[in-house]
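Enquirer: One structure follows; several queries about it will come next.
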Amino acid sequence: MSMSPMLAFGLATGAQAFMQYRAGQAQQAMYDAQARQAEIEARSRAIQAKQAAADKLTQMNSVLASITANAAANGVDALSGSALSLQNYAIREGSIEYHLAQDNAGIAESMGQYQASIYRSAGKQAYQQGLLSAATTLASGYYGAKAGQQQSSMTYGPSGSIHGSSGSGSYFTSRGLTEAGPFTNV
């Protein structure tokens with residue numbers, strides 16, 4: 001059983017359109033995976049920043065303990081004078097470093113979400129481009145097949161002039177969409 005050229009053309013066009021659609025889906029899946037990866041990396045950076053914040057508190061406690069121990073060893077009141085000033089300084093600096101580390105954690109998470117949204121947007125664009133390419137391929141195939149049918153119904157007269165029915169409908173030409181079709185009756 002032989003397949004008509006029009007059927008083969010239609011099947012090839014349909015297959016090409018389907019592959020363009022699937023390529024758009026595949027690109028979207030890739031961008032979605034990159035978005036998930038960006039979120040995971042951001043969470044990891046945020047956890048590291050939170051750990052750094054906790055380490056700053058541990059360091060601050062060590063400094064405060066050291067100041068108190070030195071003051072007591074030297075017979076100085078740890079809650080007044082220079083010892084108290086050193087403790088207040090250590091608390092102030094430790095608090096600043098702690099809050100900076102906490103801010104870094106928040107920034108890391110926000111940047112990860114931002115990057116993920118960029119990837120998701122790119123994925124959506126890729127999917128839409130796949131749909132548009134598939135639709136364009138189907139439309140081109142349809143109008144190409146229509147033009148092929150019109151040309152196959154043409155006959156040549158004795159002087160080489162083309163005779164035949166122009167049919168109805170619209171045709172794509174190098175100058176755009178026309179209603180008259182590529183050939184007219186002579």
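All residue names refer to the structure tokens as shown: chains lettered A, B, ... in order, residues numbered from 1 in each chain, ligands numbered from 1 in order.
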Name the residues in contact with region 119-129 of chain A at a cut-off of 10 Å, using only C-alpha atoms, excluding same-chain residues fewer than 5 positions from it; report them as an NGL selection string.

Expert: :A and (20-36 or 38 or 113-114 or 134-135)

Enquirer: What separation in Å, quoted to one decimal, exists between CA of Glu97 (chain A) and CA of Lys56 (chain A)?

Expert: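 It comes out at 6.5 Å.
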
Enquirer: Calculated over only C-alpha atoms, which of the candidates A:Ala105, A:Ala139, A:Ala147, A:Ala72 has the smallest distance to Glu41 (chain A)?

Expert: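 Going through A:Ala105, A:Ala139, A:Ala147, A:Ala72 one by one, the smallest distance to Glu41 (chain A) is for A:Ala105.
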
Enquirer: Interatomic distance between CA of Arg45 (chain A) and CA of Asn61 (chain A)?

Expert: 24.5 Å

Enquirer: Using only C-alpha atoms, which residue out of A:Ala46, A:Pro5, A:Gln37, A:Ala15 lies closest to Ser110 (chain A)?

Expert: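 Checking each candidate against Ser110 (chain A), we get A:Ala46 as the closest.
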
Enquirer: Using Å and a single decimal, report how far CA of Ala108 (chain A) sits from CA of Lys50 (chain A).

Expert: 10.5 Å

Enquirer: Which residue gives the smallest distance to Thr58 (chain A) among A:Ala145, A:Ala71, A:Leu138, A:Ala90, with only C-alpha atoms counted?

Expert: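 Among the listed residues, A:Ala90 lies closest to Thr58 (chain A).
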
Enquirer: Using only C-alpha atoms, which of A:Gln51, A:Ser44, A:Ser4, A:Gln16 sits nearest Gln102 (chain A)?

Expert: A:Gln51

Enquirer: Pick from A:His99, A:Arg92, A:Arg43, A:Lys146: nearest to Leu64 (chain A), with only C-alpha atoms counted?

Expert: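 Looking only at the distances to Leu64 (chain A), the closest residue turns out to be A:Arg92.
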